[in-house]
>>> print(open('work.txt').read())   # compact mmCIF, C-alpha atoms and all ligand atoms
# COMPACT_ATOMS: atom_id res chain seq x y z
CA MET A 1 24.83 -10.02 21.25
CA ASP A 2 25.51 -7.64 18.33
CA GLY A 3 25.22 -9.35 14.97
CA ILE A 4 23.62 -12.54 16.33
CA LEU A 5 20.17 -11.11 17.01
CA ARG A 6 17.70 -10.28 14.26
CA ILE A 7 15.56 -7.36 15.47
CA SER A 8 12.39 -6.44 13.56
CA PRO A 9 9.73 -3.87 14.53
CA TYR A 10 6.07 -4.76 13.92
CA THR A 11 2.73 -3.17 14.82
CA ALA A 12 -0.58 -5.01 15.19
CA THR A 13 -3.57 -2.63 15.30
CA GLY A 14 -1.50 -0.09 17.20
CA ASN A 15 0.05 -2.59 19.68
CA THR A 16 3.79 -2.15 19.06
CA PHE A 17 6.45 -4.84 19.30
CA VAL A 18 10.04 -5.72 18.61
CA VAL A 19 10.55 -9.25 17.30
CA VAL A 20 13.88 -10.76 18.35
CA GLU A 21 15.38 -13.92 16.89
CA LEU A 22 18.69 -15.40 17.97
CA LEU A 23 20.58 -16.35 14.79
CA ARG A 24 22.60 -19.20 16.26
CA GLU A 25 21.95 -22.65 17.65
CA SER A 26 21.72 -22.00 21.38
CA ALA A 27 19.20 -20.65 23.87
CA LEU A 28 18.98 -17.38 25.75
CA THR A 29 18.52 -17.46 29.52
CA ASP A 30 15.60 -15.58 31.09
CA GLU A 31 18.05 -12.99 32.48
CA GLU A 32 19.52 -12.44 29.01
CA LYS A 33 16.02 -12.06 27.56
CA SER A 34 15.00 -9.48 30.19
CA GLN A 35 18.16 -7.50 29.48
CA ILE A 36 17.53 -7.64 25.72
CA VAL A 37 13.98 -6.35 26.32
CA ILE A 38 15.31 -3.37 28.28
CA ASP A 39 17.93 -2.71 25.57
CA VAL A 40 15.71 -2.94 22.48
CA VAL A 41 12.15 -2.08 23.49
CA GLY A 42 12.43 1.73 23.25
CA GLU A 43 8.88 3.15 23.33
CA ARG A 44 7.31 -0.13 22.18
CA ASP A 45 4.85 -2.24 24.19
CA GLY A 46 6.61 -5.59 24.22
CA VAL A 47 9.19 -7.98 22.80
CA ILE A 48 8.49 -11.29 21.07
CA PHE A 49 11.25 -13.90 21.07
CA VAL A 50 11.14 -16.32 18.15
CA GLU A 51 12.64 -19.69 19.06
CA ARG A 52 12.93 -23.11 17.44
CA SER A 53 10.65 -25.78 18.87
CA GLY A 54 11.45 -29.37 17.91
CA GLU A 55 12.40 -30.48 14.42
CA GLY A 56 12.14 -28.62 11.11
CA LEU A 57 10.33 -25.32 10.76
CA SER A 58 8.58 -25.46 14.14
CA PHE A 59 8.62 -22.36 16.28
CA ARG A 60 7.90 -21.16 19.79
CA MET A 61 6.84 -17.67 20.88
CA ASP A 62 8.12 -16.29 24.19
CA TYR A 63 6.55 -12.92 25.09
CA PHE A 64 7.91 -10.20 27.38
CA ASN A 65 6.20 -6.93 28.35
CA ARG A 66 8.21 -3.72 28.03
CA ASP A 67 9.05 -3.89 31.76
CA GLY A 68 11.30 -6.92 31.05
CA ARG A 69 8.93 -9.53 32.50
CA ARG A 70 7.51 -12.53 30.72
CA ALA A 71 3.73 -12.73 30.12
CA ALA A 72 2.16 -16.10 29.42
CA PHE A 73 0.47 -14.89 26.24
CA CYS A 74 -0.11 -11.93 23.93
CA GLY A 75 -2.85 -12.06 21.27
CA ASN A 76 -1.58 -9.26 19.06
CA GLY A 77 1.94 -10.57 19.64
CA ALA A 78 0.82 -13.98 18.35
CA ARG A 79 -0.53 -12.35 15.17
CA VAL A 80 2.83 -10.59 14.71
CA PHE A 81 4.70 -13.83 15.42
CA ALA A 82 2.78 -15.68 12.70
CA ARG A 83 3.30 -12.81 10.24
CA TYR A 84 7.05 -12.84 11.01
CA LEU A 85 7.17 -16.55 10.14
CA ARG A 86 5.58 -15.69 6.80
CA ASP A 87 7.98 -12.79 6.15
CA LYS A 88 11.19 -14.55 7.18
CA TYR A 89 10.46 -18.23 6.51
CA GLY A 90 7.75 -18.06 3.82
CA LEU A 91 5.24 -19.94 6.00
CA PHE A 92 1.69 -19.37 4.70
CA GLY A 93 -1.66 -20.99 5.41
CA ASP A 94 -2.16 -23.18 8.46
CA LEU A 95 0.57 -23.11 11.12
CA ARG A 96 0.89 -24.59 14.57
CA PHE A 97 3.18 -22.87 17.02
CA GLU A 98 4.16 -23.23 20.65
CA THR A 99 3.50 -20.64 23.38
CA SER A 100 3.76 -20.63 27.19
CA VAL A 101 0.07 -21.64 27.30
CA GLY A 102 0.39 -24.52 24.84
CA PHE A 103 0.24 -25.12 21.08
CA LEU A 104 -2.00 -22.79 19.06
CA HIS A 105 -3.05 -22.58 15.47
CA ALA A 106 -2.74 -19.65 13.01
CA ILE A 107 -3.97 -19.01 9.50
CA VAL A 108 -1.58 -16.71 7.70
CA GLY A 109 -2.62 -14.84 4.58
CA GLU A 110 -3.01 -11.12 3.93
CA GLU A 111 -4.52 -10.93 7.39
CA VAL A 112 -3.36 -13.09 10.26
CA LYS A 113 -5.91 -15.07 12.23
CA VAL A 114 -4.71 -16.77 15.41
CA GLU A 115 -6.33 -19.21 17.78
CA MET A 116 -6.65 -17.71 21.25
CA PRO A 117 -6.32 -19.55 24.57
CA ARG A 118 -9.85 -20.60 25.56
CA PRO A 119 -11.26 -17.80 27.79
CA ARG A 120 -12.25 -18.69 31.35
CA ILE A 121 -14.38 -16.45 33.57
CA ASP A 122 -12.66 -16.48 36.96
CA ARG A 123 -15.08 -14.34 38.98
CA GLU A 124 -17.34 -11.33 39.10
CA ILE A 125 -15.91 -7.99 40.26
CA MET A 126 -17.83 -5.11 41.82
CA GLU A 127 -16.25 -1.67 41.98
CA VAL A 128 -17.68 1.81 42.63
CA LEU A 129 -15.67 4.32 40.66
CA ASP A 130 -16.52 7.95 41.36
CA ASP A 131 -20.10 7.08 42.36
CA VAL A 132 -20.51 4.87 39.29
CA PRO A 133 -21.19 1.25 40.29
CA LEU A 134 -19.51 -1.07 37.83
CA VAL A 135 -19.92 -4.83 37.69
CA GLY A 136 -17.13 -6.52 35.82
CA LYS A 137 -15.58 -9.90 35.27
CA LEU A 138 -12.08 -11.23 35.69
CA VAL A 139 -11.45 -13.29 32.57
CA ILE A 140 -8.36 -15.36 31.87
CA VAL A 141 -7.29 -15.49 28.21
CA GLY A 142 -3.82 -16.89 28.87
CA VAL A 143 -3.33 -13.69 30.92
CA PRO A 144 -5.77 -11.99 33.35
CA HIS A 145 -8.18 -9.31 32.14
CA LEU A 146 -10.72 -7.25 34.05
CA THR A 147 -13.63 -6.44 31.76
CA PHE A 148 -16.11 -3.69 32.59
CA LYS A 149 -19.08 -2.83 30.42
CA VAL A 150 -19.72 0.92 30.37
CA THR A 151 -23.44 1.72 30.35
CA HIS A 152 -24.23 4.13 33.17
CA LYS A 153 -24.87 7.65 32.11
CA VAL A 154 -25.99 9.47 35.22
CA THR A 155 -24.09 9.98 38.48
CA TYR A 156 -24.81 12.37 41.35
CA GLU A 157 -22.30 14.81 39.88
CA ARG A 158 -23.35 15.10 36.27
CA VAL A 159 -24.91 13.50 33.22
CA TRP A 160 -22.29 11.76 31.06
CA THR A 161 -22.29 10.74 27.48
CA GLU A 162 -21.11 7.13 27.27
CA GLU A 163 -17.98 8.24 25.44
CA ASP A 164 -17.06 10.80 28.14
CA LEU A 165 -17.66 8.27 30.86
CA PHE A 166 -15.53 5.72 29.00
CA GLU A 167 -12.69 8.27 28.86
CA HIS A 168 -13.15 9.21 32.50
CA LEU A 169 -13.10 5.61 33.73
CA MET A 170 -9.72 5.00 32.08
CA LYS A 171 -8.26 7.22 34.81
CA TYR A 172 -9.03 4.47 37.34
CA ALA A 173 -7.26 1.79 35.31
CA PRO A 174 -3.81 2.07 36.99
CA GLU A 175 -5.40 1.57 40.44
CA LEU A 176 -7.45 -1.44 39.27
CA ARG A 177 -4.45 -2.94 37.48
CA ARG A 178 -2.47 -2.88 40.77
CA LYS A 179 -5.36 -4.12 42.90
CA TYR A 180 -6.07 -7.19 40.75
CA ASP A 181 -2.64 -7.66 39.07
CA ALA A 182 -4.52 -7.76 35.78
CA ASN A 183 -4.94 -5.87 32.52
CA VAL A 184 -7.95 -3.52 32.65
CA ASN A 185 -10.52 -3.25 29.86
CA PHE A 186 -13.56 -1.00 29.48
CA TYR A 187 -15.95 -1.82 26.67
CA ARG A 188 -19.15 -0.47 25.32
CA VAL A 189 -21.61 -1.84 22.82
CA LEU A 190 -21.72 0.19 19.57
CA ALA A 191 -24.24 -2.01 17.72
CA THR A 192 -25.30 -5.63 17.70
CA GLY A 193 -22.13 -7.71 17.35
CA HIS A 194 -19.91 -4.62 17.51
CA ILE A 195 -18.14 -3.39 20.65
CA LYS A 196 -15.46 -0.80 21.39
CA VAL A 197 -12.63 -1.71 23.79
CA ARG A 198 -9.94 0.30 25.54
CA THR A 199 -7.21 -1.50 27.49
CA TYR A 200 -4.70 -0.48 30.11
CA GLU A 201 -1.97 -3.11 29.96
CA ARG A 202 -0.11 -4.71 32.82
CA GLY A 203 3.66 -4.61 32.26
CA VAL A 204 3.30 -1.74 29.81
CA GLU A 205 1.68 0.37 32.55
CA ARG A 206 -0.27 2.55 30.17
CA GLU A 207 -3.18 2.34 27.79
CA THR A 208 -2.13 0.66 24.56
CA PHE A 209 -3.78 1.22 21.17
CA SER A 210 -5.17 -2.31 21.26
CA CYS A 211 -4.72 -5.57 23.16
CA GLY A 212 -5.68 -8.83 21.47
CA SER A 213 -6.34 -10.86 24.60
CA GLY A 214 -8.26 -7.92 26.16
CA VAL A 215 -10.41 -7.61 23.04
CA THR A 216 -11.04 -11.37 23.13
CA ALA A 217 -11.97 -11.26 26.83
CA CYS A 218 -14.54 -8.48 26.22
CA ALA A 219 -15.92 -10.12 23.06
CA TYR A 220 -16.31 -13.40 24.96
CA VAL A 221 -18.23 -11.78 27.83
CA TYR A 222 -20.35 -9.80 25.36
CA ALA A 223 -21.16 -12.93 23.34
CA MET A 224 -21.93 -15.06 26.40
CA GLU A 225 -24.39 -12.43 27.63
CA ASN A 226 -26.01 -11.64 24.29
CA VAL A 227 -26.01 -14.67 22.03
CA SER A 228 -28.20 -17.36 23.52
CA SER A 229 -26.89 -20.27 21.44
CA LEU A 230 -23.33 -19.46 22.56
CA ASN A 231 -24.43 -19.67 26.17
CA HIS A 232 -25.26 -23.30 25.61
CA SER A 233 -22.55 -24.51 23.30
CA GLU A 234 -19.90 -21.76 23.03
CA THR A 235 -19.34 -23.07 19.53
CA ARG A 236 -21.72 -21.36 17.15
CA ASN A 237 -19.46 -21.68 14.15
CA GLY A 238 -18.95 -18.42 12.31
CA TYR A 239 -20.28 -15.96 14.90
CA VAL A 240 -18.04 -12.86 14.77
CA VAL A 241 -17.76 -9.94 17.18
CA HIS A 242 -16.32 -6.79 15.54
CA VAL A 243 -14.16 -4.79 17.91
CA THR A 244 -13.16 -1.16 17.43
CA THR A 245 -9.99 -0.16 19.25
CA ARG A 246 -7.93 3.03 19.15
CA GLY A 247 -5.53 1.21 16.80
CA GLY A 248 -8.11 -0.18 14.36
CA LEU A 249 -10.62 -2.98 13.87
CA LEU A 250 -10.18 -6.51 15.20
CA LYS A 251 -12.50 -9.48 14.85
CA VAL A 252 -13.11 -12.28 17.32
CA HIS A 253 -14.37 -15.42 15.57
CA PHE A 254 -16.30 -18.10 17.44
CA GLU A 255 -15.56 -21.35 15.64
CA THR A 256 -16.20 -25.00 16.35
CA ASP A 257 -12.61 -25.60 17.47
CA GLY A 258 -12.21 -22.40 19.52
CA LEU A 259 -11.90 -18.63 19.38
CA TYR A 260 -9.76 -16.85 16.79
CA LEU A 261 -8.54 -13.25 16.59
CA SER A 262 -7.94 -11.51 13.25
CA GLY A 263 -6.79 -8.08 12.13
CA GLY A 264 -4.01 -6.21 10.41
CA VAL A 265 -0.27 -6.41 11.07
CA VAL A 266 2.37 -4.01 9.73
CA ASN A 267 6.11 -4.66 9.42
CA GLU A 268 7.79 -1.24 9.66
N1 LIG B 1 -0.88 -6.94 24.30
C1 LIG B 1 -1.15 -8.28 24.58
C2 LIG B 1 -1.16 -8.71 26.03
C3 LIG B 1 0.27 -8.72 26.59
C4 LIG B 1 0.39 -9.25 28.00
C5 LIG B 1 -0.24 -8.38 29.05
N2 LIG B 1 0.29 -7.03 29.05
C6 LIG B 1 -0.07 -9.03 30.43
O1 LIG B 1 0.96 -8.80 31.10
O2 LIG B 1 -0.95 -9.77 30.85
C7 LIG B 1 -2.27 -8.85 23.72
O3 LIG B 1 -2.42 -8.38 22.58
O4 LIG B 1 -2.90 -9.83 24.11
>>> encode(input="work.txt", output="structure tokens", more="lines below")
Ligand SMILES: N[C@@H](CCC[C@H](N)C(=O)O)C(=O)O
Amino acid sequence: MDGILRISPYTATGNTFVVVELLRESALTDEEKSQIVIDVVGERDGVIFVERSGEGLSFRMDYFNRDGRRAAFCGNGARVFARYLRDKYGLFGDLRFETSVGFLHAIVGEEVKVEMPRPRIDREIMEVLDDVPLVGKLVIVGVPHLTFKVTHKVTYERVWTEEDLFEHLMKYAPELRRKYDANVNFYRVLATGHIKVRTYERGVERETFSCGSGVTACAYVYAMENVSSLNHSETRNGYVVHVTTRGGLLKVHFETDGLYLSGGVVNE
């Protein structure tokens, strides 16, 4: 494959990727893609394949986690994908692109804002972690995310600050990830309209610096529980949840035609 693959590293709010584009008119098989992922991923979180879709400058994103398996969607990966199309093909402004979960829309400027798959709450989850009862939700944003709001401060053992408890709960993420075959997110509310999210990612099998679909899942649950007009219509145009992650700030925009994710992307 040497010489026929273009390989470009990108980072989106700390979520690290390799973008791979095949520079010839044919398609890679799934086996070839998995092998390429193993060969090129290094310490990065995932690999984004850029493929042609239909006529002209139309593109499709195919996403693989660092373990060599395909995931149906990646929010930060989609922001990188759109930025790559700007860098390599000069595509600015409004774009439509294909993913495994359908066609989505992106607005590419200095920042990249991408439409997210519409979140769906699958069910409520109840777990007791180290004497701390936690009620969470399994939310599908193209891929499955457990979301747990961290609020409890007192257990039989000790009094926690929220931040310590947040840190402590991350230790249970690998177990939860296996039990539910899902990504695991803990979030806490910092201020009105501002949450902090930490995500342990399936297929990466570690905490990443940010996860776009995880951030969207938590922002969606937060907004549904806290903004009464969203509970009725889900479409209060312009409502924004600010999300602090270990890799930087992301924004989840509630707009009339759906939810969008925005934040920085760096081409290294
Ligand atoms: N980092 C991604 C999510 C990638 C897929 C996930 N690890 C899974 O297997 O479900 C994001 O930014 O959304």
>>> residues_near_ligand(input="work.txt", ligand="ligand LIG 1 (chain B)", cutoff="9 Å", atoms="all atoms listed in the file", output="JSON, numbers by chain")
{"A": [12, 15, 16, 45, 46, 63, 64, 65, 66, 69, 70, 71, 72, 73, 74, 75, 76, 77, 78, 79, 141, 142, 143, 144, 145, 181, 182, 183, 199, 200, 201, 202, 203, 204, 205, 208, 210, 211, 212, 213, 214, 215, 216]}
>>> atom_distance(input="work.txt", atom1="atom CA of Val114 of chain A", atom2="atom CA of Tyr260 of chain A")
5.2 Å
>>> residues_around(input="work.txt", residues="Glu111 of chain A", least_positions_apart="5", cutoff="7 Å", atoms="only C-alpha atoms", output="ChimeraX atom specification")
/A:262-264
>>> atom_distance(input="work.txt", atom1="atom CA of Asp62 of chain A", atom2="atom CA of Val184 of chain A")
22.2 Å
>>> residues_around(input="work.txt", residues="Glu268 of chain A", least_positions_apart="3", cutoff="10 Å", atoms="only C-alpha atoms", output="number ranges by chain")
A: 8-11, 265
>>> closest_residue(input="work.txt", among="A:Gly102, A:Tyr89, A:Ile7, A:Tyr220", to="Gly56 of chain A", atoms="all atoms listed in the file")
A:Tyr89
>>> residues_near_point(input="work.txt", point="(-15.0, -1.0, 33.0)", cutoff="10 Å", atoms="all atoms listed in the file", output="VMD selection string")
chain A and resid 127 129 133 to 137 146 to 151 165 to 166 169 to 170 172 to 173 176 184 to 188 197 to 199
>>> residues_around(input="work.txt", residues="Leu85 of chain A", least_positions_apart="2", cutoff="10 Å", atoms="all atoms listed in the file", output="list in words")
Val50, Leu57, Ser58, Phe59, Val80, Phe81, Ala82, Arg83, Asp87, Lys88, Tyr89, Gly90, Leu91, Phe92, Leu95 and Val108 of chain A
>>> atom_distance(input="work.txt", atom1="atom CA of Glu21 of chain A", atom2="atom CA of Phe49 of chain A")
5.9 Å
>>> closest_residue(input="work.txt", among="A:Arg44, A:Lys171, A:Arg52, A:Arg96", to="Leu28 of chain A", atoms="all atoms listed in the file")
A:Arg52
>>> residues_around(input="work.txt", residues="His253 of chain A", least_positions_apart="5", cutoff="9 Å", atoms="all atoms listed in the file", output="PyMOL selection string")
chain A and resi 237-242+258-262
>>> closest_residue(input="work.txt", among="A:Gly93, A:Pro119, A:Gly193, A:Gly68", to="Val37 of chain A", atoms="only C-alpha atoms")
A:Gly68
>>> decode(input="work.txt", residues="segment 130-172 of chain A", atoms="N, CA and C atoms", output="short mmCIF file (atom, residue, chain, number, x, y, z; two decimals), in the first residue's frame")
data_model
loop_
_atom_site.label_atom_id
_atom_site.label_comp_id
_atom_site.auth_asym_id
_atom_site.auth_seq_id
_atom_site.Cartn_x
_atom_site.Cartn_y
_atom_site.Cartn_z
N ASP A 130 -19.17 1.17 44.48
CA ASP A 130 -18.50 1.49 45.73
C ASP A 130 -19.44 2.23 46.69
N ASP A 131 -20.62 1.69 46.89
CA ASP A 131 -21.64 2.27 47.78
C ASP A 131 -22.29 3.53 47.22
N VAL A 132 -21.90 3.97 46.04
CA VAL A 132 -22.50 5.19 45.49
C VAL A 132 -23.56 4.76 44.47
N PRO A 133 -24.85 4.98 44.78
CA PRO A 133 -25.87 4.62 43.78
C PRO A 133 -25.85 5.63 42.63
N LEU A 134 -25.79 5.12 41.43
CA LEU A 134 -25.74 6.01 40.27
C LEU A 134 -26.83 5.61 39.29
N VAL A 135 -27.66 6.58 38.93
CA VAL A 135 -28.68 6.32 37.90
C VAL A 135 -28.16 6.96 36.62
N GLY A 136 -28.12 6.16 35.58
CA GLY A 136 -27.62 6.69 34.31
C GLY A 136 -28.57 6.38 33.18
N LYS A 137 -28.14 6.73 31.99
CA LYS A 137 -28.96 6.45 30.81
C LYS A 137 -28.07 5.88 29.72
N LEU A 138 -28.63 4.93 28.98
CA LEU A 138 -27.93 4.45 27.79
C LEU A 138 -28.49 5.25 26.62
N VAL A 139 -27.61 6.02 25.99
CA VAL A 139 -28.04 6.92 24.91
C VAL A 139 -27.31 6.51 23.63
N ILE A 140 -28.06 6.43 22.55
CA ILE A 140 -27.44 6.10 21.27
C ILE A 140 -27.26 7.38 20.46
N VAL A 141 -26.01 7.69 20.14
CA VAL A 141 -25.72 8.83 19.25
C VAL A 141 -24.91 8.24 18.08
N GLY A 142 -25.55 7.43 17.29
CA GLY A 142 -24.84 6.63 16.28
C GLY A 142 -24.17 5.44 16.94
N VAL A 143 -23.51 5.65 18.07
CA VAL A 143 -22.87 4.59 18.86
C VAL A 143 -23.39 4.69 20.31
N PRO A 144 -23.29 3.57 21.07
CA PRO A 144 -23.90 3.57 22.41
C PRO A 144 -23.04 4.25 23.48
N HIS A 145 -23.71 5.06 24.31
CA HIS A 145 -23.02 5.77 25.40
C HIS A 145 -23.80 5.63 26.69
N LEU A 146 -23.11 5.17 27.75
CA LEU A 146 -23.68 5.26 29.09
C LEU A 146 -23.38 6.66 29.60
N THR A 147 -24.37 7.30 30.18
CA THR A 147 -24.13 8.64 30.75
C THR A 147 -24.53 8.61 32.22
N PHE A 148 -23.63 9.00 33.08
CA PHE A 148 -23.90 9.06 34.51
C PHE A 148 -23.62 10.47 35.01
N LYS A 149 -24.60 11.05 35.67
CA LYS A 149 -24.39 12.36 36.27
C LYS A 149 -23.80 12.16 37.67
N VAL A 150 -22.70 12.84 37.95
CA VAL A 150 -22.03 12.71 39.25
C VAL A 150 -22.51 13.83 40.17
N THR A 151 -23.22 13.44 41.25
CA THR A 151 -23.71 14.46 42.18
C THR A 151 -23.48 14.06 43.64
N HIS A 152 -23.40 12.77 43.90
CA HIS A 152 -23.34 12.33 45.29
C HIS A 152 -22.01 12.70 45.92
N LYS A 153 -22.07 13.14 47.15
CA LYS A 153 -20.83 13.57 47.77
C LYS A 153 -20.47 12.75 49.00
N VAL A 154 -21.44 12.04 49.55
CA VAL A 154 -21.18 11.33 50.80
C VAL A 154 -21.43 9.84 50.61
N THR A 155 -20.48 9.01 50.99
CA THR A 155 -20.71 7.57 51.03
C THR A 155 -20.41 7.13 52.46
N TYR A 156 -20.61 5.84 52.74
CA TYR A 156 -20.33 5.36 54.10
C TYR A 156 -18.85 5.55 54.45
N GLU A 157 -18.00 5.47 53.42
CA GLU A 157 -16.56 5.49 53.66
C GLU A 157 -16.01 6.88 53.95
N ARG A 158 -16.45 7.85 53.20
CA ARG A 158 -15.83 9.17 53.32
C ARG A 158 -16.69 10.24 52.66
N VAL A 159 -16.30 11.48 52.87
CA VAL A 159 -16.96 12.60 52.19
C VAL A 159 -16.09 12.95 50.99
N TRP A 160 -16.69 13.01 49.81
CA TRP A 160 -15.94 13.28 48.58
C TRP A 160 -16.19 14.71 48.12
N THR A 161 -15.20 15.29 47.49
CA THR A 161 -15.54 16.45 46.67
C THR A 161 -16.06 15.86 45.36
N GLU A 162 -16.83 16.63 44.62
CA GLU A 162 -17.37 16.10 43.35
C GLU A 162 -16.24 15.70 42.42
N GLU A 163 -15.19 16.50 42.41
CA GLU A 163 -14.07 16.24 41.49
C GLU A 163 -13.36 14.93 41.83
N ASP A 164 -13.16 14.69 43.14
CA ASP A 164 -12.52 13.43 43.57
C ASP A 164 -13.39 12.23 43.21
N LEU A 165 -14.68 12.40 43.41
CA LEU A 165 -15.60 11.31 43.14
C LEU A 165 -15.62 10.99 41.64
N PHE A 166 -15.61 12.04 40.85
CA PHE A 166 -15.56 11.96 39.39
C PHE A 166 -14.35 11.11 38.98
N GLU A 167 -13.20 11.46 39.54
CA GLU A 167 -11.94 10.76 39.26
C GLU A 167 -12.05 9.29 39.68
N HIS A 168 -12.58 9.09 40.88
CA HIS A 168 -12.70 7.75 41.44
C HIS A 168 -13.60 6.87 40.58
N LEU A 169 -14.73 7.44 40.12
CA LEU A 169 -15.68 6.64 39.35
C LEU A 169 -15.11 6.17 38.02
N MET A 170 -14.16 6.93 37.47
CA MET A 170 -13.54 6.53 36.20
C MET A 170 -12.91 5.14 36.31
N LYS A 171 -12.54 4.75 37.52
CA LYS A 171 -11.92 3.43 37.71
C LYS A 171 -12.90 2.29 37.39
N TYR A 172 -14.20 2.57 37.46
CA TYR A 172 -15.20 1.55 37.17
C TYR A 172 -15.56 1.50 35.68
#
